[in-house]
>>> print(open('protein.txt').read())   # compact mmCIF, C-alpha atoms
# COMPACT_ATOMS: atom_id res chain seq x y z
CA MET M 1 0.00 0.00 0.00
CA LYS M 2 1.42 3.35 -0.95
CA HIS M 3 -1.25 5.94 -0.34
CA HIS M 4 -2.32 6.66 3.22
CA PRO M 5 -4.51 9.38 4.70
CA GLU M 6 -2.47 12.35 5.83
CA PHE M 7 -1.77 12.43 9.55
CA SER M 8 -4.36 15.11 10.15
CA TRP M 9 -7.17 12.80 8.92
CA LEU M 10 -5.99 10.04 11.24
CA GLU M 11 -5.84 12.45 14.15
CA GLN M 12 -9.40 13.65 13.47
CA TYR M 13 -10.57 10.09 13.02
CA ALA M 14 -9.12 9.09 16.42
CA ALA M 15 -10.80 12.06 18.08
CA ALA M 16 -13.96 11.14 16.12
CA THR M 17 -14.48 14.68 14.90
CA LEU M 18 -14.81 13.78 11.21
CA PRO M 19 -18.14 13.69 9.39
CA LEU M 20 -19.33 10.08 9.35
CA PRO M 21 -18.84 9.46 5.59
CA VAL M 22 -15.26 10.73 5.75
CA ALA M 23 -14.60 8.63 8.84
CA LEU M 24 -15.99 5.69 6.87
CA CYS M 25 -13.27 6.18 4.23
CA VAL M 26 -10.54 6.35 6.85
CA SER M 27 -11.98 3.30 8.58
CA THR M 28 -12.09 1.36 5.31
CA HIS M 29 -8.45 2.23 4.66
CA LEU M 30 -7.60 1.11 8.21
CA SER M 31 -9.11 -2.31 7.58
CA PHE M 32 -6.40 -2.77 4.93
CA CYS M 33 -3.53 -0.94 6.64
CA GLY M 34 -1.73 -2.14 9.78
CA GLU M 35 0.63 0.83 9.72
CA CYS M 36 -2.18 3.33 10.05
CA ARG M 37 -3.89 1.19 12.70
CA ARG M 38 -0.68 1.48 14.72
CA GLN M 39 -0.88 5.24 14.30
CA ILE M 40 -4.48 5.22 15.53
CA ASP M 41 -3.51 3.14 18.58
CA LEU M 42 -0.96 5.79 19.49
CA LEU M 43 -3.56 8.52 19.19
CA HIS M 44 -6.03 6.54 21.30
CA ASN M 45 -3.33 6.39 23.93
CA LEU M 46 -3.27 10.14 24.02
CA GLY M 47 -7.06 10.26 24.22
CA GLY M 48 -6.96 7.84 27.16
CA LEU M 49 -4.42 9.96 29.02
CA LEU M 50 -6.37 13.17 28.52
CA PHE M 51 -9.52 11.33 29.58
CA ALA M 52 -7.85 10.00 32.74
CA GLN M 53 -6.70 13.50 33.63
CA LEU M 54 -10.18 15.03 33.51
CA GLU M 55 -11.37 16.61 36.72
CA PRO M 56 -13.81 13.95 38.08
CA MET M 57 -17.44 15.05 38.43
CA PRO M 58 -19.70 13.66 41.16
CA VAL M 59 -22.02 10.86 40.13
CA ALA M 60 -25.05 9.76 42.17
CA ASP M 61 -24.83 6.26 43.65
CA GLU M 62 -28.28 5.40 42.42
CA LEU M 63 -26.91 5.60 38.88
CA LEU M 64 -24.92 2.45 39.56
CA GLN M 65 -28.11 0.74 40.76
CA ARG M 66 -29.87 1.73 37.56
CA ILE M 67 -27.00 0.40 35.48
CA LEU M 68 -27.01 -2.90 37.36
CA LEU M 69 -30.73 -3.23 36.72
CA ARG M 70 -30.15 -2.70 33.02
CA ILE M 71 -27.44 -5.32 33.03
CA ASP M 72 -29.83 -7.80 34.67
CA ASP M 73 -32.43 -7.04 32.04
CA CYS M 74 -30.23 -7.89 29.13
CA GLN M 75 -28.11 -10.66 30.58
CA GLY M 76 -28.65 -12.70 27.42
CA GLU M 77 -26.99 -10.19 25.15
CA THR M 78 -23.37 -11.07 25.63
CA ALA M 79 -23.01 -12.02 21.99
CA GLU M 80 -21.54 -8.63 21.10
CA VAL M 81 -18.04 -9.91 21.64
CA VAL M 82 -18.23 -12.07 18.55
CA ALA M 83 -18.84 -9.08 16.34
CA ALA M 84 -15.63 -7.46 17.54
CA GLY M 85 -13.55 -10.11 15.75
CA GLY M 86 -14.82 -8.91 12.39
CA VAL M 87 -12.04 -6.48 11.58
CA ALA M 88 -9.23 -8.95 11.94
CA GLN M 89 -10.86 -11.18 9.34
CA SER M 90 -11.17 -8.47 6.75
CA MET M 91 -7.50 -7.66 7.03
CA ASN M 92 -6.26 -10.35 4.71
CA SER M 93 -8.56 -9.22 1.98
CA THR M 94 -5.76 -8.06 -0.28
CA ALA M 95 -5.93 -10.99 -2.68
CA PRO M 96 -7.67 -9.65 -5.79
CA GLY M 97 -10.38 -11.36 -7.76
CA SER M 98 -12.27 -13.77 -5.52
CA GLU M 99 -14.89 -13.57 -8.25
CA ASN M 100 -16.91 -16.72 -7.77
CA SER M 101 -17.03 -16.62 -3.96
CA VAL M 102 -18.72 -13.97 -1.86
CA ASP M 103 -16.81 -10.70 -2.03
CA ASP M 104 -14.51 -9.85 0.80
CA ILE M 105 -16.21 -6.65 1.88
CA PRO M 106 -14.22 -4.56 4.38
CA GLN M 107 -15.87 -4.68 7.79
CA PRO M 108 -16.96 -1.01 8.01
CA LEU M 109 -18.91 -1.37 4.74
CA ARG M 110 -20.60 -4.70 5.35
CA LYS M 111 -23.82 -3.29 6.67
CA LEU M 112 -24.13 -0.90 3.73
CA ILE M 113 -23.21 -3.35 1.00
CA GLY M 114 -24.23 -6.77 2.21
CA ALA M 115 -22.41 -9.90 1.18
CA GLU M 116 -21.74 -9.13 -2.47
CA TYR M 117 -21.12 -6.15 -4.70
CA ASN M 118 -23.65 -7.61 -7.10
CA ASN M 119 -26.43 -7.21 -4.56
CA LEU M 120 -26.31 -3.45 -4.99
CA LYS M 121 -28.38 -1.54 -7.48
CA TRP M 122 -25.78 -0.52 -10.03
CA SER M 123 -26.52 2.10 -12.61
CA ARG M 124 -24.54 2.64 -15.75
CA MET M 125 -22.95 6.08 -15.84
CA LEU M 126 -20.65 5.57 -18.81
CA PRO M 127 -19.88 2.54 -20.95
CA SER M 128 -17.06 1.60 -18.59
CA LEU M 129 -18.40 2.99 -15.33
CA HIS M 130 -21.13 1.77 -13.01
CA ALA M 131 -22.09 3.39 -9.74
CA ALA M 132 -24.22 2.40 -6.76
CA ASN M 133 -25.25 4.76 -3.99
CA LEU M 134 -24.83 3.60 -0.41
CA PRO M 135 -27.41 4.64 2.20
CA ALA M 136 -25.01 6.29 4.64
CA GLY M 137 -27.73 8.73 5.73
CA ASP M 138 -25.77 11.95 5.34
CA LYS M 139 -27.14 14.76 3.22
CA ASP M 140 -23.86 16.64 2.84
CA TYR M 141 -22.02 13.75 1.25
CA LEU M 142 -22.68 11.37 -1.58
CA VAL M 143 -21.41 7.93 -0.56
CA SER M 144 -21.15 5.45 -3.42
CA LEU M 145 -19.26 2.59 -4.95
CA HIS M 146 -17.75 2.96 -8.40
CA ARG M 147 -16.97 0.03 -10.60
CA VAL M 148 -14.73 0.53 -13.61
CA LYS M 149 -14.26 -2.10 -16.31
CA PRO M 150 -10.73 -3.31 -17.05
CA GLY M 151 -8.94 -0.57 -18.93
CA GLY M 152 -11.93 1.74 -18.48
CA LYS M 153 -11.32 5.45 -18.58
CA ILE M 154 -13.21 8.08 -16.57
CA PRO M 155 -13.32 11.42 -18.37
CA ARG M 156 -11.29 14.25 -16.96
CA HIS M 157 -13.26 15.87 -14.18
CA ASP M 158 -13.01 18.43 -11.43
CA HIS M 159 -14.63 18.49 -7.99
CA ARG M 160 -16.62 21.23 -6.37
CA GLY M 161 -15.80 19.81 -2.98
CA GLN M 162 -13.48 17.18 -1.60
CA GLU M 163 -13.58 13.70 -3.08
CA PHE M 164 -12.30 10.75 -1.05
CA THR M 165 -11.60 7.43 -2.75
CA VAL M 166 -10.53 4.11 -1.27
CA VAL M 167 -9.73 1.25 -3.64
CA LEU M 168 -11.52 -1.92 -2.59
CA ARG M 169 -10.41 -4.16 -5.42
CA GLY M 170 -8.26 -3.89 -8.53
CA SER M 171 -6.31 -0.76 -9.33
CA PHE M 172 -6.36 2.44 -11.28
CA SER M 173 -4.06 5.31 -12.05
CA ASP M 174 -4.31 9.00 -12.72
CA GLU M 175 -1.75 11.73 -13.29
CA TYR M 176 -0.91 11.70 -9.56
CA GLY M 177 -0.14 8.01 -9.08
CA ILE M 178 -1.18 4.36 -9.15
CA TYR M 179 -3.71 3.14 -6.61
CA SER M 180 -4.55 -0.39 -5.54
CA ASP M 181 -6.26 -2.27 -2.71
CA GLY M 182 -6.75 -0.13 0.36
CA ASP M 183 -5.10 2.97 -1.07
CA PHE M 184 -6.64 6.21 0.13
CA MET M 185 -6.89 9.23 -2.06
CA LEU M 186 -8.19 12.75 -1.60
CA ARG M 187 -8.81 15.20 -4.43
CA GLU M 188 -9.50 18.77 -3.45
CA SER M 189 -11.80 20.99 -5.45
CA GLY M 190 -10.01 22.37 -8.47
CA GLN M 191 -7.78 19.31 -8.71
CA GLU M 192 -8.71 17.86 -12.08
CA HIS M 193 -7.82 14.30 -12.87
CA LEU M 194 -8.32 11.55 -15.42
CA PRO M 195 -8.55 8.12 -13.81
CA LEU M 196 -7.83 4.96 -15.77
CA ALA M 197 -8.49 1.41 -14.52
CA ALA M 198 -5.80 -1.25 -14.86
CA ARG M 199 -6.09 -3.21 -18.10
CA TYR M 200 -6.39 -6.72 -16.68
CA GLU M 201 -9.05 -6.38 -13.99
CA GLU M 202 -12.11 -4.52 -12.87
CA CYS M 203 -11.64 -1.82 -10.24
CA VAL M 204 -14.07 -1.23 -7.37
CA CYS M 205 -13.77 1.92 -5.25
CA LEU M 206 -15.53 3.53 -2.35
CA THR M 207 -16.10 7.18 -3.17
CA VAL M 208 -17.29 9.94 -0.87
CA GLN M 209 -18.03 13.25 -2.51
CA GLN M 210 -18.75 16.50 -0.78
CA ALA M 211 -20.53 18.03 -3.73
CA PRO M 212 -21.47 16.85 -7.21
CA VAL M 213 -18.60 16.17 -9.55
CA LYS M 214 -18.36 18.19 -12.72
CA PHE M 215 -16.79 16.95 -15.91
CA THR M 216 -14.57 19.54 -17.51
CA GLY M 217 -14.13 18.17 -21.02
CA LEU M 218 -16.56 19.90 -23.40
CA PHE M 219 -17.90 16.61 -24.72
CA TRP M 220 -18.79 15.36 -21.25
CA ARG M 221 -20.58 18.43 -19.98
CA TRP M 222 -23.98 16.94 -20.69
CA LEU M 223 -23.20 14.03 -18.41
CA ASN M 224 -23.08 16.14 -15.29
CA PRO M 225 -26.71 15.86 -14.29
CA LEU M 226 -26.45 12.07 -14.50
CA LEU M 227 -23.65 11.93 -12.04
CA ARG M 228 -25.56 13.24 -9.13
CA MET A 1 31.17 18.23 56.17
CA MET A 2 31.72 16.50 52.85
CA ALA A 3 29.70 13.53 53.88
CA SER A 4 26.68 15.55 54.90
CA PHE A 5 26.84 17.58 51.70
CA TYR A 6 26.64 14.44 49.57
CA LYS A 7 23.80 13.22 51.63
CA THR A 8 21.70 16.28 51.03
CA VAL A 9 22.34 16.16 47.30
CA ALA A 10 21.41 12.51 47.18
CA GLU A 11 18.28 13.17 49.14
CA SER A 12 17.12 16.15 47.19
CA LEU A 13 17.87 15.12 43.63
CA PRO A 14 16.53 11.94 42.11
CA ARG A 15 13.34 11.32 44.07
CA LYS A 16 10.98 13.60 42.27
CA VAL A 17 10.27 12.10 38.89
CA THR A 18 10.38 8.32 38.92
CA PRO A 19 8.13 7.33 41.81
CA ILE A 20 5.18 9.24 40.39
CA HIS A 21 5.34 7.34 37.11
CA GLU A 22 5.84 4.03 38.82
CA ALA A 23 2.80 4.78 40.90
CA LYS A 24 0.87 5.70 37.75
CA ASN A 25 1.83 2.45 36.07
CA ALA A 26 0.83 0.48 39.15
CA GLU A 27 -2.50 2.26 39.14
CA ASP A 28 -2.98 1.38 35.48
CA ASP A 29 -2.37 -2.25 36.35
CA ILE A 30 -5.07 -2.14 39.01
CA TRP A 31 -7.64 -1.11 36.41
CA ARG A 32 -6.37 -3.58 33.84
CA ASP A 33 -6.94 -6.34 36.39
CA CYS A 34 -10.25 -4.90 37.42
CA LEU A 35 -11.49 -5.05 33.82
CA ARG A 36 -10.37 -8.66 33.58
CA GLN A 37 -12.51 -9.40 36.61
CA VAL A 38 -15.45 -7.56 35.11
CA ALA A 39 -15.04 -9.83 32.08
CA GLN A 40 -15.68 -12.71 34.51
CA GLN A 41 -18.97 -11.02 35.46
CA ASP A 42 -17.57 -9.87 38.80
CA ARG A 43 -20.00 -7.25 40.10
CA ALA A 44 -17.82 -6.05 42.95
CA ALA A 45 -15.09 -5.28 40.42
CA PHE A 46 -17.66 -3.53 38.27
CA ALA A 47 -18.69 -1.34 41.22
CA ARG A 48 -15.04 -0.41 41.84
CA LEU A 49 -14.66 0.45 38.18
CA PHE A 50 -17.80 2.57 38.35
CA LYS A 51 -16.56 4.45 41.37
CA HIS A 52 -13.34 5.35 39.63
CA PHE A 53 -14.40 5.86 36.01
CA ALA A 54 -18.00 7.07 36.16
CA PRO A 55 -16.86 10.53 37.39
CA GLN A 56 -14.38 10.69 34.47
CA ILE A 57 -17.05 9.68 31.97
CA LYS A 58 -19.39 12.24 33.46
CA ALA A 59 -16.76 14.95 33.08
CA PHE A 60 -16.24 13.82 29.49
CA GLY A 61 -19.99 14.04 28.88
CA LEU A 62 -20.29 17.46 30.51
CA SER A 63 -17.61 18.85 28.21
CA THR A 64 -19.83 18.11 25.21
CA ILE A 65 -21.78 20.83 23.46
CA ILE A 66 -25.29 19.43 23.20
CA PRO A 67 -28.62 20.49 21.76
CA ASP A 68 -31.18 21.89 24.23
CA ARG A 69 -33.38 19.86 26.52
CA SER A 70 -30.74 17.33 27.30
CA GLY A 71 -29.61 18.12 30.83
CA GLN A 72 -29.32 14.42 31.50
CA PHE A 73 -26.83 13.90 28.71
CA ALA A 74 -23.79 13.27 30.90
CA ASP A 75 -25.64 10.81 33.16
CA GLU A 76 -27.03 9.01 30.15
CA LEU A 77 -23.56 8.77 28.72
CA VAL A 78 -22.29 7.28 31.99
CA GLN A 79 -25.02 4.64 31.80
CA GLU A 80 -24.41 3.77 28.17
CA VAL A 81 -20.66 3.53 28.61
CA MET A 82 -20.83 1.46 31.79
CA VAL A 83 -23.31 -0.99 30.25
CA ALA A 84 -21.05 -1.30 27.20
CA ILE A 85 -18.05 -1.93 29.46
CA TRP A 86 -19.92 -4.76 31.15
CA ARG A 87 -20.87 -6.33 27.84
CA LYS A 88 -17.60 -5.91 26.03
CA ALA A 89 -15.13 -6.46 28.86
CA SER A 90 -14.17 -9.89 27.54
CA SER A 91 -12.92 -8.34 24.30
CA TYR A 92 -10.66 -5.92 26.18
CA ASP A 93 -7.00 -6.66 25.53
CA ALA A 94 -4.97 -5.54 28.54
CA GLY A 95 -1.73 -5.92 26.60
CA LYS A 96 -2.85 -3.52 23.94
CA SER A 97 -4.25 -0.60 25.82
CA ALA A 98 -4.62 0.82 29.30
CA ALA A 99 -8.10 0.59 30.82
CA ALA A 100 -8.51 4.36 30.50
CA THR A 101 -7.67 4.22 26.79
CA TRP A 102 -10.21 1.51 26.12
CA ILE A 103 -12.88 3.29 28.13
CA PHE A 104 -12.06 6.54 26.31
CA THR A 105 -12.79 4.88 22.95
CA ILE A 106 -16.11 3.52 24.25
CA ALA A 107 -17.10 6.93 25.65
CA ARG A 108 -16.11 8.60 22.39
CA ASN A 109 -18.29 6.21 20.36
CA LYS A 110 -21.24 6.34 22.74
CA ARG A 111 -21.15 10.11 22.74
CA ILE A 112 -21.56 10.22 18.96
CA ASP A 113 -24.31 7.63 19.25
CA LEU A 114 -26.24 9.70 21.79
CA LEU A 115 -25.74 12.92 19.85
CA ARG A 116 -27.04 11.27 16.70
CA LYS A 117 -30.09 10.04 18.57
CA LEU A 118 -30.74 13.53 19.91
CA LYS A 119 -30.55 14.90 16.40
CA ARG A 120 -32.72 12.03 15.16
CA HIS A 121 -30.18 10.90 12.64
CA ALA A 122 -31.31 7.78 10.93
CA GLY A 123 -28.61 5.99 9.05
CA MET A 124 -27.76 2.38 8.45
CA LEU A 125 -24.25 2.93 9.74
CA ASP A 126 -23.37 1.83 13.23
CA ILE A 127 -20.84 3.99 15.03
CA ASP A 128 -19.02 0.84 16.16
CA ASP A 129 -18.67 -0.24 12.51
CA VAL A 130 -16.92 2.99 11.60
CA TRP A 131 -14.89 3.15 14.82
CA PRO A 132 -14.36 -0.51 15.77
CA LEU A 133 -13.22 -0.90 19.36
CA GLU A 134 -10.89 -3.83 19.03
CA ASP A 135 -8.91 -5.11 16.14
CA GLU A 136 -6.08 -7.58 16.32
CA SER A 137 -4.60 -8.44 19.70
CA ALA A 138 -1.13 -7.36 20.69
CA SER A 139 2.03 -9.45 20.38
CA PRO A 140 4.35 -9.60 23.43
CA PHE A 141 6.69 -7.19 21.67
CA GLN A 142 3.88 -4.75 21.01
CA MET A 143 2.83 -5.05 24.65
CA LEU A 144 6.26 -3.95 25.81
CA GLN A 145 6.31 -1.14 23.28
CA GLN A 146 2.87 -0.12 24.41
CA ARG A 147 3.99 0.26 28.01
CA SER A 148 6.92 2.46 27.13
CA THR A 149 4.76 4.54 24.80
CA GLU A 150 2.20 5.16 27.52
CA GLN A 151 4.92 6.30 29.87
CA ARG A 152 6.60 8.50 27.30
CA VAL A 153 3.40 10.21 26.22
CA ARG A 154 2.35 10.73 29.82
CA GLU A 155 5.67 12.39 30.58
CA SER A 156 5.77 14.60 27.53
CA LEU A 157 2.17 15.62 28.10
CA GLN A 158 3.30 17.27 31.35
CA SER A 159 5.68 19.56 29.53
CA LEU A 160 3.46 20.37 26.57
CA PRO A 161 2.89 24.12 26.14
CA ALA A 162 -0.54 25.04 27.54
CA ALA A 163 -1.88 26.32 24.22
CA GLN A 164 -1.03 23.06 22.46
CA ARG A 165 -2.53 20.98 25.22
CA GLU A 166 -5.69 23.05 25.09
CA ALA A 167 -6.04 22.48 21.36
CA ILE A 168 -5.70 18.70 21.56
CA ALA A 169 -8.03 18.53 24.57
CA LEU A 170 -10.68 20.45 22.64
CA ALA A 171 -10.46 17.80 19.92
CA PHE A 172 -10.11 14.60 21.94
CA ILE A 173 -12.18 15.50 25.00
CA GLU A 174 -14.74 18.02 23.78
CA GLY A 175 -15.00 16.39 20.36
CA LYS A 176 -14.63 19.63 18.45
CA SER A 177 -13.64 19.70 14.79
CA HIS A 178 -10.69 21.81 13.69
CA SER A 179 -12.97 24.60 12.54
CA GLU A 180 -14.95 24.52 15.80
CA ILE A 181 -11.67 24.77 17.70
CA ALA A 182 -10.69 27.74 15.55
CA GLU A 183 -13.99 29.39 16.43
CA THR A 184 -13.62 28.66 20.15
CA LEU A 185 -10.09 30.00 20.32
CA HIS A 186 -10.65 32.87 17.85
CA LEU A 187 -7.79 31.65 15.71
CA PRO A 188 -7.41 31.05 11.99
CA LEU A 189 -8.01 27.44 10.95
CA GLY A 190 -4.42 27.08 9.74
CA THR A 191 -3.08 28.06 13.16
CA VAL A 192 -5.21 25.42 14.85
CA LYS A 193 -4.07 22.75 12.43
CA SER A 194 -0.41 23.57 12.89
CA ARG A 195 -0.79 23.85 16.65
CA ILE A 196 -2.26 20.36 16.85
CA ARG A 197 0.38 19.04 14.49
CA LEU A 198 3.14 20.58 16.65
CA ALA A 199 1.64 19.04 19.77
CA MET A 200 1.57 15.62 18.14
CA GLN A 201 5.18 15.93 17.01
CA ARG A 202 6.24 17.01 20.45
CA LEU A 203 4.46 14.03 21.98
CA GLN A 204 6.20 11.87 19.34
CA LEU A 205 2.89 10.51 18.18
CA VAL A 206 3.53 10.91 14.46
CA LEU A 207 4.87 7.63 13.07
CA GLU A 208 7.61 7.79 10.46
CA ARG A 209 6.70 6.25 7.13
>>> encode(input="protein.txt", output="structure tokens")
Amino acid sequence: MKHHPEFSWLEQYAAATLPLPVALCVSTHLSFCGECRRQIDLLHNLGGLLFAQLEPMPVADELLQRILLRIDDCQGETAEVVAAGGVAQSMNSTAPGSENSVDDIPQPLRKLIGAEYNNLKWSRMLPSLHAANLPAGDKDYLVSLHRVKPGGKIPRHDHRGQEFTVVLRGSFSDEYGIYSDGDFMLRESGQEHLPLAARYEECVCLTVQQAPVKFTGLFWRWLNPLLR
Amino acid sequence: MMASFYKTVAESLPRKVTPIHEAKNAEDDIWRDCLRQVAQQDRAAFARLFKHFAPQIKAFGLSTIIPDRSGQFADELVQEVMVAIWRKASSYDAGKSAAATWIFTIARNKRIDLLRKLKRHAGMLDIDDVWPLEDESASPFQMLQQRSTEQRVRESLQSLPAAQREAIALAFIEGKSHSEIAETLHLPLGTVKSRIRLAMQRLQLVLER
């Protein structure tokens, strides 16, 4: 993996001050990247120390009684622990092309995607590009998956806001670099680019856009309304 | 004369620093063990944990900016976090993080959860999916590293310039975004970003790539 979120994104992720869709991108990258998880652990450490140094505020004893009652009520629900193992499993998901089996969806996206990419409602944006919106429930961001055919080209476009991309499978390149599994990429508004999928395999990406994308090539102008 | 001079130097010099940190580490160990007992459904241990951490969680909750009509927010947060601790204690990895660190991450997640409920956010995303509490467990080497990191960060936090400490506390404790911090401190956004960055470098929290 070559492309990581800048430190500042990791810091804001650890403090949980990022908008949820952006945090989702960081989290998806983390499920591929041990190095960045290490960085997050360090930042959590800091959070823990600051937390431990807070001036304690008095708490009524009866609150403990109420909590114990709640624990009694839901004694059966200790199954949560199992779910916590989910991340570790998704970590080895770097092997590309597990086509015939169920897709190896990164843990943070499982609830939004389900078991397979094919389950989503894909719409054809361009001959080589399909997109499916994910119901992340945030009106300021468009959260979607993009699927580019092998060798597919996305016309040169600009962004009105920030655009975050995390590669889930396959690879693509643009004038800034080559991106493959787990790579994290941020394009600021005004940063035009022309992405191109690798020739031998399909590329699937998570994309979070702050505002609608606009295509800058004359020929593609008419496509803009479609891409919202 | 000489002898008594040496004695006073020996007495006055080295004491100060080390015992405090040793004491801090020992205290950490108490809570690590306590959480292990809670994982065994030990209610007495849970009550001890409550006595120590509930006031911290409450302080954490009180530092939050919340929408109106939610005077009970901090108490609710204490409840949510303590119940989660009880349920998840068996997934706590004492080698990986101090009890306070683990509880901080739970409180951080539960706070977002509660705030979203207050704002009636309906999304399919679970906070714990986006900010998972536990990933892989620590190797013995990582455990050792972890201990020395905790100590180092704790020490360097003491000597952090007040303005830098304030900025990181606004982010990690009050949950403010960079632009909210800029607003609070009446500073340009760029200054806030570089102040936080400086603090992190000073605390040696930025990993080399």
>>> interface_residues(input="protein.txt", of="chain A", to="chain M", cutoff="8 Å", atoms="all atoms listed in the file", output="VMD selection string")
chain A and resid 47 50 54 to 56 58 to 60 75 79 82 to 83 86 to 88 90 to 91 97 to 98 100 to 105 108 to 109 121 to 125 129 to 136 149 to 150 153 to 154 169 171 to 173 175 to 177 193 197 205 to 207
>>> write_last_selection(input="protein.txt", atoms="C-alpha atoms", output="short mmCIF file (atom, residue, chain, number, x, y, z; two decimals), keeping the file's coordinate frame")
data_model
loop_
_atom_site.label_atom_id
_atom_site.label_comp_id
_atom_site.auth_asym_id
_atom_site.auth_seq_id
_atom_site.Cartn_x
_atom_site.Cartn_y
_atom_site.Cartn_z
CA ALA A 47 -18.69 -1.34 41.22
CA PHE A 50 -17.80 2.57 38.35
CA ALA A 54 -18.00 7.07 36.16
CA PRO A 55 -16.86 10.53 37.39
CA GLN A 56 -14.38 10.69 34.47
CA LYS A 58 -19.39 12.24 33.46
CA ALA A 59 -16.76 14.95 33.08
CA PHE A 60 -16.24 13.82 29.49
CA ASP A 75 -25.64 10.81 33.16
CA GLN A 79 -25.02 4.64 31.80
CA MET A 82 -20.83 1.46 31.79
CA VAL A 83 -23.31 -0.99 30.25
CA TRP A 86 -19.92 -4.76 31.15
CA ARG A 87 -20.87 -6.33 27.84
CA LYS A 88 -17.60 -5.91 26.03
CA SER A 90 -14.17 -9.89 27.54
CA SER A 91 -12.92 -8.34 24.30
CA SER A 97 -4.25 -0.60 25.82
CA ALA A 98 -4.62 0.82 29.30
CA ALA A 100 -8.51 4.36 30.50
CA THR A 101 -7.67 4.22 26.79
CA TRP A 102 -10.21 1.51 26.12
CA ILE A 103 -12.88 3.29 28.13
CA PHE A 104 -12.06 6.54 26.31
CA THR A 105 -12.79 4.88 22.95
CA ARG A 108 -16.11 8.60 22.39
CA ASN A 109 -18.29 6.21 20.36
CA HIS A 121 -30.18 10.90 12.64
CA ALA A 122 -31.31 7.78 10.93
CA GLY A 123 -28.61 5.99 9.05
CA MET A 124 -27.76 2.38 8.45
CA LEU A 125 -24.25 2.93 9.74
CA ASP A 129 -18.67 -0.24 12.51
CA VAL A 130 -16.92 2.99 11.60
CA TRP A 131 -14.89 3.15 14.82
CA PRO A 132 -14.36 -0.51 15.77
CA LEU A 133 -13.22 -0.90 19.36
CA GLU A 134 -10.89 -3.83 19.03
CA ASP A 135 -8.91 -5.11 16.14
CA GLU A 136 -6.08 -7.58 16.32
CA THR A 149 4.76 4.54 24.80
CA GLU A 150 2.20 5.16 27.52
CA VAL A 153 3.40 10.21 26.22
CA ARG A 154 2.35 10.73 29.82
CA ALA A 169 -8.03 18.53 24.57
CA ALA A 171 -10.46 17.80 19.92
CA PHE A 172 -10.11 14.60 21.94
CA ILE A 173 -12.18 15.50 25.00
CA GLY A 175 -15.00 16.39 20.36
CA LYS A 176 -14.63 19.63 18.45
CA SER A 177 -13.64 19.70 14.79
CA LYS A 193 -4.07 22.75 12.43
CA ARG A 197 0.38 19.04 14.49
CA LEU A 205 2.89 10.51 18.18
CA VAL A 206 3.53 10.91 14.46
CA LEU A 207 4.87 7.63 13.07
#
>>> atom_distance(input="protein.txt", atom1="CA of Ala199 in chain A", atom2="CA of Val166 in chain M")
28.5 Å
>>> atom_distance(input="protein.txt", atom1="CA of Arg48 in chain A", atom2="CA of Gln145 in chain A")
28.3 Å
>>> residues_around(input="protein.txt", residues="Ala132 in chain M", least_positions_apart="2", cutoff="12 Å", atoms="only C-alpha atoms", output="JSON, numbers by chain")
{"M": [112, 113, 117, 118, 119, 120, 121, 122, 123, 124, 125, 129, 130, 134, 135, 142, 143, 144, 145, 146, 147, 148, 204, 205, 206, 207, 208, 227, 228]}
>>> residues_around(input="protein.txt", residues="Phe172 in chain M", least_positions_apart="3", cutoff="9 Å", atoms="all atoms listed in the file", output="number ranges by chain")
M: 148, 151, 167, 177-180, 195-199, 203
>>> residues_around(input="protein.txt", residues="Pro161 in chain A", least_positions_apart="6", cutoff="12 Å", atoms="all atoms listed in the file", output="number ranges by chain")
A: 167-168, 195-196, 198-200, 202-203
>>> closest_residue(input="protein.txt", among="M:Asp181, M:Phe164, M:Gln191, M:Glu175", to="Gln209 in chain M", atoms="only C-alpha atoms")
M:Phe164
>>> atom_distance(input="protein.txt", atom1="CA of Glu27 in chain A", atom2="CA of Ala99 in chain A")
10.2 Å
>>> closest_residue(input="protein.txt", among="A:Arg43, A:Gln204, A:Ala94, A:Leu115", to="Asp29 in chain A", atoms="all atoms listed in the file")
A:Ala94
>>> build_atoms(input="protein.txt", residues="range 200-206 of chain A", atoms="N, CA and C atoms", output="PDB file, in the frame of the given file")
ATOM      1  N   MET A 200       1.408  17.035  18.424  1.00  0.00           N
ATOM      2  CA  MET A 200       1.570  15.620  18.140  1.00  0.00           C
ATOM      3  C   MET A 200       3.044  15.263  17.917  1.00  0.00           C
ATOM      4  N   GLN A 201       3.759  16.186  17.248  1.00  0.00           N
ATOM      5  CA  GLN A 201       5.180  15.930  17.010  1.00  0.00           C
ATOM      6  C   GLN A 201       5.928  15.950  18.329  1.00  0.00           C
ATOM      7  N   ARG A 202       5.582  16.898  19.170  1.00  0.00           N
ATOM      8  CA  ARG A 202       6.240  17.010  20.450  1.00  0.00           C
ATOM      9  C   ARG A 202       5.993  15.784  21.328  1.00  0.00           C
ATOM     10  N   LEU A 203       4.797  15.233  21.217  1.00  0.00           N
ATOM     11  CA  LEU A 203       4.460  14.030  21.980  1.00  0.00           C
ATOM     12  C   LEU A 203       4.989  12.770  21.289  1.00  0.00           C
ATOM     13  N   GLN A 204       5.664  12.977  20.150  1.00  0.00           N
ATOM     14  CA  GLN A 204       6.200  11.870  19.340  1.00  0.00           C
ATOM     15  C   GLN A 204       5.114  10.873  18.962  1.00  0.00           C
ATOM     16  N   LEU A 205       3.998  11.383  18.553  1.00  0.00           N
ATOM     17  CA  LEU A 205       2.890  10.510  18.180  1.00  0.00           C
ATOM     18  C   LEU A 205       2.756  10.337  16.678  1.00  0.00           C
ATOM     19  N   VAL A 206       3.609  11.025  15.911  1.00  0.00           N
ATOM     20  CA  VAL A 206       3.530  10.910  14.460  1.00  0.00           C
ATOM     21  C   VAL A 206       4.513   9.835  14.000  1.00  0.00           C
TER      22      VAL A 206
END
